[in-house]
file start01.csv (CSV, C-alpha atoms and all ligand atoms)
chain,number,residue,atom,x,y,z
X,271,MET,CA,-8.1,-41.9,-24.0
X,272,PRO,CA,-9.3,-38.8,-25.9
X,273,LYS,CA,-7.4,-35.5,-25.1
X,274,LYS,CA,-9.0,-33.3,-22.5
X,275,LYS,CA,-10.8,-30.3,-24.0
X,276,THR,CA,-9.4,-27.0,-22.9
X,277,VAL,CA,-11.6,-23.9,-23.0
X,278,ILE,CA,-10.4,-20.3,-22.5
X,279,THR,CA,-12.3,-17.1,-21.9
X,280,TYR,CA,-11.4,-13.5,-20.9
X,281,GLY,CA,-13.0,-10.7,-19.0
X,282,THR,CA,-12.8,-8.1,-16.3
X,283,PHE,CA,-15.3,-9.7,-13.8
X,284,ASP,CA,-15.7,-6.5,-11.8
X,285,LEU,CA,-18.3,-6.7,-9.0
X,286,PHE,CA,-18.8,-10.4,-9.8
X,287,HIS,CA,-22.4,-11.0,-10.7
X,288,ILE,CA,-24.8,-13.7,-11.9
X,289,GLY,CA,-24.0,-13.0,-15.6
X,290,HIS,CA,-20.4,-13.8,-14.9
X,291,LEU,CA,-21.3,-17.0,-13.1
X,292,ARG,CA,-23.6,-18.3,-15.8
X,293,LEU,CA,-21.0,-17.5,-18.5
X,294,LEU,CA,-18.3,-19.4,-16.7
X,295,LYS,CA,-20.7,-22.3,-16.0
X,296,ARG,CA,-21.6,-22.6,-19.7
X,297,ALA,CA,-18.0,-22.2,-20.8
X,298,LYS,CA,-16.9,-25.1,-18.6
X,299,GLU,CA,-19.8,-27.3,-19.9
X,300,LEU,CA,-18.1,-27.0,-23.4
X,301,GLY,CA,-15.0,-28.8,-22.2
X,302,ASP,CA,-12.9,-30.3,-19.3
X,303,HIS,CA,-10.5,-27.6,-18.3
X,304,LEU,CA,-11.5,-23.9,-18.1
X,305,ILE,CA,-8.9,-21.1,-18.2
X,306,VAL,CA,-10.0,-17.6,-17.4
X,307,GLY,CA,-7.9,-14.6,-18.5
X,308,VAL,CA,-8.8,-11.8,-16.0
X,309,SER,CA,-8.0,-8.3,-17.2
X,310,THR,CA,-5.3,-6.6,-15.2
X,311,ASP,CA,-5.9,-3.0,-14.0
X,312,ARG,CA,-3.3,-1.8,-16.4
X,313,PHE,CA,-5.0,-3.5,-19.4
X,314,ASN,CA,-8.3,-2.1,-18.3
X,315,ALA,CA,-6.8,1.4,-18.4
X,316,ILE,CA,-5.8,0.7,-22.0
X,317,LYS,CA,-9.4,-0.4,-22.7
X,318,GLY,CA,-10.6,2.8,-21.1
X,319,LYS,CA,-12.2,0.9,-18.2
X,320,ARG,CA,-11.7,1.3,-14.5
X,321,SER,CA,-12.8,-1.5,-12.1
X,322,ILE,CA,-13.9,-0.9,-8.6
X,323,ILE,CA,-12.4,-4.2,-7.4
X,324,PRO,CA,-8.6,-4.5,-7.9
X,325,PHE,CA,-7.1,-7.2,-10.1
X,326,GLU,CA,-5.8,-9.4,-7.3
X,327,HIS,CA,-9.2,-9.6,-5.7
X,328,ARG,CA,-11.0,-10.2,-9.0
X,329,ALA,CA,-8.6,-12.9,-9.9
X,330,GLU,CA,-9.0,-14.6,-6.5
X,331,ILE,CA,-12.8,-14.5,-6.8
X,332,VAL,CA,-12.8,-16.0,-10.3
X,333,LYS,CA,-10.3,-18.7,-9.2
X,334,ALA,CA,-12.6,-19.7,-6.4
X,335,ILE,CA,-15.5,-20.4,-8.8
X,336,ARG,CA,-15.9,-24.1,-9.0
X,337,TYR,CA,-16.1,-24.1,-12.8
X,338,VAL,CA,-12.8,-22.4,-13.1
X,339,ASP,CA,-9.6,-24.5,-13.2
X,340,GLU,CA,-7.0,-21.8,-13.9
X,341,VAL,CA,-6.7,-18.1,-13.9
X,342,ILE,CA,-4.2,-16.1,-16.0
X,343,GLU,CA,-3.5,-12.4,-16.4
X,344,GLU,CA,-5.0,-10.7,-19.4
X,345,ASN,CA,-2.5,-8.0,-20.3
X,346,SER,CA,-3.0,-7.2,-23.9
X,347,TRP,CA,-5.3,-7.8,-26.9
X,348,GLU,CA,-2.5,-9.6,-28.7
X,349,GLN,CA,-1.8,-12.4,-26.2
X,350,LYS,CA,-4.7,-14.6,-27.3
X,351,VAL,CA,-2.9,-16.4,-30.1
X,352,ASP,CA,0.1,-17.2,-27.8
X,353,ASP,CA,-2.3,-18.3,-25.0
X,354,ILE,CA,-4.2,-20.6,-27.4
X,355,LYS,CA,-0.9,-22.2,-28.5
X,356,ASN,CA,0.8,-22.4,-25.1
X,357,TYR,CA,-2.2,-23.8,-23.3
X,358,GLU,CA,-3.3,-26.0,-26.2
X,359,VAL,CA,-6.7,-24.4,-26.2
X,360,ASP,CA,-9.5,-26.1,-28.1
X,361,ILE,CA,-12.3,-23.5,-27.7
X,362,LEU,CA,-12.2,-19.8,-27.1
X,363,VAL,CA,-15.4,-18.6,-25.5
X,364,MET,CA,-16.6,-15.0,-25.5
X,365,GLY,CA,-19.9,-13.3,-24.6
X,366,GLU,CA,-22.0,-12.5,-27.6
X,367,ASP,CA,-21.3,-8.8,-27.0
X,368,TRP,CA,-18.0,-9.7,-28.8
X,369,LYS,CA,-19.8,-11.5,-31.7
X,370,GLY,CA,-17.6,-11.7,-34.8
X,371,LYS,CA,-14.7,-9.8,-33.1
X,372,PHE,CA,-12.5,-12.9,-32.6
X,373,ASP,CA,-13.4,-14.8,-35.8
X,374,HIS,CA,-9.8,-14.4,-37.0
X,375,LEU,CA,-8.8,-16.8,-34.2
X,376,LYS,CA,-10.8,-19.6,-35.8
X,377,GLU,CA,-7.5,-20.4,-37.5
X,378,TYR,CA,-6.2,-21.6,-34.2
X,379,CYS,CA,-9.2,-23.1,-32.3
X,380,ASP,CA,-13.0,-23.1,-32.2
X,381,VAL,CA,-14.5,-19.7,-31.3
X,382,VAL,CA,-17.9,-19.8,-29.5
X,383,TYR,CA,-19.9,-16.7,-28.6
X,384,LEU,CA,-22.3,-17.4,-25.7
X,385,PRO,CA,-25.5,-15.4,-25.0
X,386,ARG,CA,-25.3,-12.9,-22.2
X,387,THR,CA,-27.6,-12.9,-19.1
X,388,HIS,CA,-30.0,-10.0,-19.6
X,389,GLY,CA,-30.5,-7.1,-17.2
X,390,VAL,CA,-27.2,-7.3,-15.4
X,391,SER,CA,-23.6,-5.9,-16.0
X,392,SER,CA,-20.8,-4.4,-14.0
X,393,THR,CA,-21.6,-1.0,-15.6
X,394,GLU,CA,-25.3,-1.2,-14.5
X,395,LEU,CA,-24.2,-2.2,-11.0
X,396,LYS,CA,-21.9,0.8,-10.8
X,397,THR,CA,-24.8,3.1,-12.0
X,398,SER,CA,-27.1,1.6,-9.4
X,399,LEU,CA,-24.5,2.3,-6.7
X,400,ARG,CA,-24.1,5.8,-7.9
X,401,ASN,CA,-27.9,6.4,-7.8
X,402,LEU,CA,-28.1,4.9,-4.4
X,403,LEU,CA,-25.5,7.4,-3.1
X,404,GLU,CA,-26.9,10.4,-4.9
X,405,VAL,CA,-29.1,12.6,-2.6
X,406,SER,CA,-31.8,14.2,-4.7
X,407,PRO,CA,-32.8,17.9,-4.2
X,408,ALA,CA,-36.3,16.8,-3.1
X,409,ARG,CA,-34.8,14.6,-0.3
X,410,LEU,CA,-32.6,17.5,0.8
X,411,ARG,CA,-35.6,19.9,0.9
X,412,GLU,CA,-37.5,17.3,3.0
X,413,ALA,CA,-34.6,17.0,5.5
X,414,LEU,CA,-34.3,20.8,5.7
X,415,ALA,CA,-38.0,21.2,6.4
X,416,MET,CA,-37.7,18.6,9.2
X,417,LEU,CA,-34.8,20.4,10.7
X,418,GLU,CA,-36.7,23.7,10.6
X,419,GLN,CA,-39.6,22.1,12.3
X,420,ILE,CA,-37.3,20.7,15.1
X,421,LEU,CA,-35.7,24.1,15.5
X,422,ARG,CA,-39.1,25.8,15.8
X,423,GLU,CA,-40.1,23.4,18.5
X,424,LEU,CA,-37.0,24.1,20.4
X,425,GLU,CA,-37.5,27.9,20.4
B,501,LIG,N1,-21.4,-11.6,-19.3
B,501,LIG,C1,-22.6,-12.3,-19.5
B,501,LIG,N2,-23.7,-11.7,-19.1
B,501,LIG,C2,-23.8,-10.5,-18.5
B,501,LIG,C3,-22.6,-9.8,-18.3
B,501,LIG,C4,-21.4,-10.3,-18.7
B,501,LIG,O1,-22.6,-13.4,-20.1
B,501,LIG,N3,-24.9,-10.0,-18.1
B,501,LIG,C5,-20.1,-12.1,-19.8
B,501,LIG,C6,-19.4,-11.3,-20.9
B,501,LIG,O2,-20.0,-11.4,-22.1
B,501,LIG,C7,-18.0,-11.7,-20.8
B,501,LIG,C8,-17.8,-12.1,-19.3
B,501,LIG,O3,-19.2,-12.2,-18.8
B,501,LIG,O4,-17.9,-12.9,-21.6
B,501,LIG,C9,-17.0,-11.1,-18.5
B,501,LIG,O5,-17.6,-9.9,-18.8
B,501,LIG,P1,-17.2,-8.5,-18.2
B,501,LIG,O6,-17.0,-7.5,-19.3
B,501,LIG,O7,-16.3,-8.6,-17.2
B,501,LIG,O8,-18.7,-8.1,-17.5
B,501,LIG,P2,-19.7,-7.0,-17.8
B,501,LIG,O9,-20.7,-7.1,-16.6
B,501,LIG,O10,-20.3,-7.0,-19.1
B,501,LIG,O11,-18.9,-5.7,-17.6
B,501,LIG,P3,-19.0,-4.2,-18.2
B,501,LIG,O12,-20.4,-3.7,-17.8
B,501,LIG,O13,-17.9,-3.4,-17.6
B,501,LIG,O14,-18.9,-4.4,-19.7
call {"tool": "encode", "arguments": {"input": "start01.csv", "output": "C-alpha cells"}}
result
Amino acid sequence: MPKKKTVITYGTFDLFHIGHLRLLKRAKELGDHLIVGVSTDRFNAIKGKRSIIPFEHRAEIVKAIRYVDEVIEENSWEQKVDDIKNYEVDILVMGEDWKGKFDHLKEYCDVVYLPRTHGVSSTELKTSLRNLLEVSPARLREALAMLEQILRELE
C-alpha cells in the first residue's frame, strides 16, 4: 500500500473566514492527512500581529474543520524543518502571499503555494468592524438635531 501523503500548512486563522476554509479544503485535496500549525498569540506578537480571537479558540475552530486532521502550535519561524521531519511531511502548503518565501524547504518536501480567495482577509474584517463601530460626525450632528427637536417640543 502506498504511504499516506501528509500535508502541512500554517497560519493565524483569526476571525475564521471563507478564504481560510477554501485554503484548508484545497490543502487537504493534495494529500491524505492535513496538519495545521496555528500561530500562538506569543508568536503573533513576534510577527507584529494581534488576533482578536485567542489561540485556544482559533486552534479549536481549525481542529473542527472537517478537512483538518491535526492541529499543532506554531511558535517560531524556525520550527518548519523539524515539523517536516517529525511528521514525515510530503507537502508544505502556503497561500500565494508567501510565494517564494519557503522555497528553501524544497530540500525537505514539496512546497506548494495556493491562490488566495479574493476580497476577504482577517485584516479587512477587522477594518470593517472598526468602521461599523465608528460614529461619524454627520451621524452625531443628526442625533443632536433630533435631541434638540425633542427638547423644543417638551418646552
Ligand atoms: N488565505 C487565503 N485567502 C484569503 C485569506 C487567507 O487563501 N483571502 C490563506 C492564507 O494565504 C494562509 C491561510 O489562509 O495560507 C491563513 O492565513 P491568515 O494569515 O491566518 O489569514 P488572513 O486572512 O490573510 O490574515 P491577515 O489579514 O491577518 O494576514
call {"tool": "closest_atom_pairs", "arguments": {"input": "start01.csv", "of": "range 324-422 of chain X", "to": "range 271-295 of chain X", "cutoff": "9 Å", "atoms": "all atoms listed in the file", "output": "Markdown table"}}
result
| residue | atom | partner | partner_atom | distance |
| --- | --- | --- | --- | --- |
| X:Pro324 | CA | X:Asp284 | CA | 8.3 |
| X:Phe325 | CA | X:Thr282 | CA | 8.5 |
| X:Arg328 | CA | X:Phe283 | CA | 6.5 |
| X:Ala329 | CA | X:Phe283 | CA | 8.4 |
| X:Ile331 | CA | X:Phe286 | CA | 7.9 |
| X:Val332 | CA | X:Phe283 | CA | 7.6 |
| X:Ile335 | CA | X:Leu291 | CA | 8.0 |
| X:Arg336 | CA | X:Lys295 | CA | 8.7 |
| X:Tyr337 | CA | X:Lys295 | CA | 5.9 |
| X:Val338 | CA | X:Leu294 | CA | 7.2 |
| X:Glu344 | CA | X:Tyr280 | CA | 7.1 |
| X:Asp353 | CA | X:Ile278 | CA | 8.7 |
| X:Ile354 | CA | X:Ile278 | CA | 7.9 |
| X:Tyr357 | CA | X:Thr276 | CA | 7.9 |
| X:Glu358 | CA | X:Thr276 | CA | 7.0 |
| X:Val359 | CA | X:Thr276 | CA | 5.0 |
| X:Asp360 | CA | X:Thr276 | CA | 5.3 |
| X:Ile361 | CA | X:Val277 | CA | 4.8 |
| X:Leu362 | CA | X:Ile278 | CA | 5.0 |
| X:Val363 | CA | X:Thr279 | CA | 5.0 |
| X:Met364 | CA | X:Thr279 | CA | 6.0 |
| X:Gly365 | CA | X:Leu293 | CA | 7.5 |
| X:Leu384 | CA | X:Leu293 | CA | 7.3 |
| X:Pro385 | CA | X:Leu293 | CA | 8.2 |
| X:Arg386 | CA | X:Gly289 | CA | 6.7 |
| X:Thr387 | CA | X:Gly289 | CA | 5.0 |
| X:His388 | CA | X:Gly289 | CA | 7.8 |
| X:Gly389 | CA | X:Gly289 | CA | 8.9 |
| X:Val390 | CA | X:Gly289 | CA | 6.5 |
| X:Ser391 | CA | X:Gly289 | CA | 7.1 |
| X:Ser392 | CA | X:Asp284 | CA | 5.9 |
| X:Thr393 | CA | X:Asp284 | CA | 8.9 |
| X:Leu395 | CA | X:Leu285 | CA | 7.7 |
| X:Lys396 | CA | X:Leu285 | CA | 8.5 |
call {"tool": "atom_distance", "arguments": {"input": "start01.csv", "atom1": "atom N3 of ligand LIG 501 (chain B)", "atom2": "CA of Lys355 in chain X"}}
result
28.9 Å
call {"tool": "atom_distance", "arguments": {"input": "start01.csv", "atom1": "atom O11 of ligand LIG 501 (chain B)", "atom2": "CA of Gly318 in chain X"}}
result
12.4 Å
call {"tool": "atom_distance", "arguments": {"input": "start01.csv", "atom1": "CA of Thr310 in chain X", "atom2": "CA of Tyr378 in chain X"}}
result
24.2 Å
call {"tool": "closest_residue", "arguments": {"input": "start01.csv", "among": "X:Ser398, X:Gln419, X:Asn314, X:Ser309", "to": "Glu343 in chain X", "atoms": "only C-alpha atoms"}}
result
X:Ser309
call {"tool": "closest_residue", "arguments": {"input": "start01.csv", "among": "X:Leu300, X:Glu340, X:Glu326, X:Glu394", "to": "ligand LIG 501 (chain B)", "atoms": "all atoms listed in the file"}}
result
X:Glu394
call {"tool": "closest_residue", "arguments": {"input": "start01.csv", "among": "X:Arg422, X:Lys376, X:Lys333, X:Arg400", "to": "Gly307 in chain X", "atoms": "all atoms listed in the file"}}
result
X:Lys333
call {"tool": "decode", "arguments": {"input": "start01.csv", "residues": "range 293-306 of chain X", "atoms": "all heavy atoms", "output": "CSV table (one decimal), in the first residue's frame"}}
result
chain,number,residue,atom,x,y,z
X,293,LEU,N,-8.8,27.5,1.6
X,293,LEU,CA,-7.3,27.1,1.6
X,293,LEU,C,-7.2,25.8,2.2
X,293,LEU,O,-6.5,24.9,1.7
X,293,LEU,CB,-6.6,28.2,2.4
X,293,LEU,CG,-5.1,28.2,2.5
X,293,LEU,CD1,-4.5,27.2,3.5
X,293,LEU,CD2,-4.4,28.1,1.2
X,294,LEU,N,-7.9,25.5,3.4
X,294,LEU,CA,-7.7,24.2,4.0
X,294,LEU,C,-8.3,23.1,3.2
X,294,LEU,O,-7.8,22.0,3.1
X,294,LEU,CB,-8.4,24.3,5.4
X,294,LEU,CG,-7.8,25.2,6.4
X,294,LEU,CD1,-8.6,25.3,7.7
X,294,LEU,CD2,-6.4,24.8,6.7
X,295,LYS,N,-9.4,23.4,2.5
X,295,LYS,CA,-10.0,22.3,1.6
X,295,LYS,C,-9.0,22.0,0.5
X,295,LYS,O,-8.8,20.8,0.3
X,295,LYS,CB,-11.3,22.9,1.0
X,295,LYS,CG,-12.1,22.0,0.1
X,295,LYS,CD,-13.4,22.6,-0.3
X,295,LYS,CE,-14.3,21.6,-0.9
X,295,LYS,NZ,-14.0,21.3,-2.3
X,296,ARG,N,-8.5,23.0,-0.1
X,296,ARG,CA,-7.5,22.7,-1.2
X,296,ARG,C,-6.2,22.0,-0.7
X,296,ARG,O,-5.7,21.2,-1.4
X,296,ARG,CB,-7.2,24.0,-2.0
X,296,ARG,CG,-8.3,24.3,-3.0
X,296,ARG,CD,-8.0,25.6,-3.7
X,296,ARG,NE,-8.2,26.7,-2.7
X,296,ARG,CZ,-7.8,27.9,-2.9
X,296,ARG,NH1,-7.2,28.3,-3.9
X,296,ARG,NH2,-8.1,28.8,-1.9
X,297,ALA,N,-5.8,22.4,0.5
X,297,ALA,CA,-4.6,21.8,1.0
X,297,ALA,C,-4.9,20.3,1.3
X,297,ALA,O,-4.1,19.4,0.9
X,297,ALA,CB,-4.2,22.4,2.3
X,298,LYS,N,-6.1,20.0,1.8
X,298,LYS,CA,-6.4,18.5,2.1
X,298,LYS,C,-6.5,17.7,0.8
X,298,LYS,O,-6.1,16.6,0.7
X,298,LYS,CB,-7.7,18.5,2.9
X,298,LYS,CG,-8.2,17.1,3.2
X,298,LYS,CD,-7.2,16.3,4.0
X,298,LYS,CE,-7.6,14.9,4.4
X,298,LYS,NZ,-8.4,14.7,5.6
X,299,GLU,N,-7.0,18.4,-0.3
X,299,GLU,CA,-7.1,17.7,-1.6
X,299,GLU,C,-5.8,17.2,-2.1
X,299,GLU,O,-5.7,16.4,-3.0
X,299,GLU,CB,-7.9,18.6,-2.6
X,299,GLU,CG,-9.4,18.6,-2.3
X,299,GLU,CD,-10.1,19.7,-3.1
X,299,GLU,OE1,-9.4,20.5,-3.8
X,299,GLU,OE2,-11.3,19.9,-2.9
X,300,LEU,N,-4.7,17.8,-1.6
X,300,LEU,CA,-3.4,17.5,-2.1
X,300,LEU,C,-2.8,16.2,-1.5
X,300,LEU,O,-1.8,15.7,-1.9
X,300,LEU,CB,-2.4,18.6,-1.9
X,300,LEU,CG,-2.6,19.9,-2.7
X,300,LEU,CD1,-1.6,21.0,-2.2
X,300,LEU,CD2,-2.5,19.7,-4.2
X,301,GLY,N,-3.5,15.7,-0.4
X,301,GLY,CA,-2.9,14.5,0.3
X,301,GLY,C,-4.0,13.8,1.0
X,301,GLY,O,-5.2,13.9,0.7
X,302,ASP,N,-3.6,13.1,2.1
X,302,ASP,CA,-4.5,12.3,2.9
X,302,ASP,C,-4.6,12.8,4.3
X,302,ASP,O,-5.6,12.6,5.0
X,302,ASP,CB,-4.0,10.8,3.0
X,302,ASP,CG,-3.7,10.3,1.6
X,302,ASP,OD1,-4.6,10.1,0.9
X,302,ASP,OD2,-2.5,10.1,1.3
X,303,HIS,N,-3.6,13.4,4.8
X,303,HIS,CA,-3.6,13.8,6.2
X,303,HIS,C,-3.1,15.3,6.3
X,303,HIS,O,-2.0,15.6,5.8
X,303,HIS,CB,-2.6,12.9,7.0
X,303,HIS,CG,-2.6,13.1,8.5
X,303,HIS,ND1,-3.6,12.6,9.3
X,303,HIS,CD2,-1.8,13.9,9.3
X,303,HIS,CE1,-3.3,13.0,10.6
X,303,HIS,NE2,-2.3,13.7,10.6
X,304,LEU,N,-4.0,16.1,6.8
X,304,LEU,CA,-3.7,17.6,6.9
X,304,LEU,C,-3.3,18.0,8.3
X,304,LEU,O,-4.2,17.9,9.2
X,304,LEU,CB,-4.8,18.4,6.3
X,304,LEU,CG,-4.6,19.9,6.4
X,304,LEU,CD1,-3.4,20.4,5.6
X,304,LEU,CD2,-5.9,20.7,5.9
X,305,ILE,N,-2.1,18.6,8.5
X,305,ILE,CA,-1.7,19.1,9.8
X,305,ILE,C,-1.7,20.7,9.6
X,305,ILE,O,-1.2,21.2,8.6
X,305,ILE,CB,-0.3,18.7,10.1
X,305,ILE,CG1,-0.2,17.1,10.2
X,305,ILE,CG2,0.1,19.3,11.5
X,305,ILE,CD1,1.2,16.6,10.4
X,306,VAL,N,-2.3,21.3,10.6
X,306,VAL,CA,-2.3,22.8,10.5
X,306,VAL,C,-1.6,23.4,11.7
X,306,VAL,O,-1.9,23.1,12.9
X,306,VAL,CB,-3.7,23.4,10.5
X,306,VAL,CG1,-3.7,24.9,10.3
X,306,VAL,CG2,-4.5,22.8,9.3
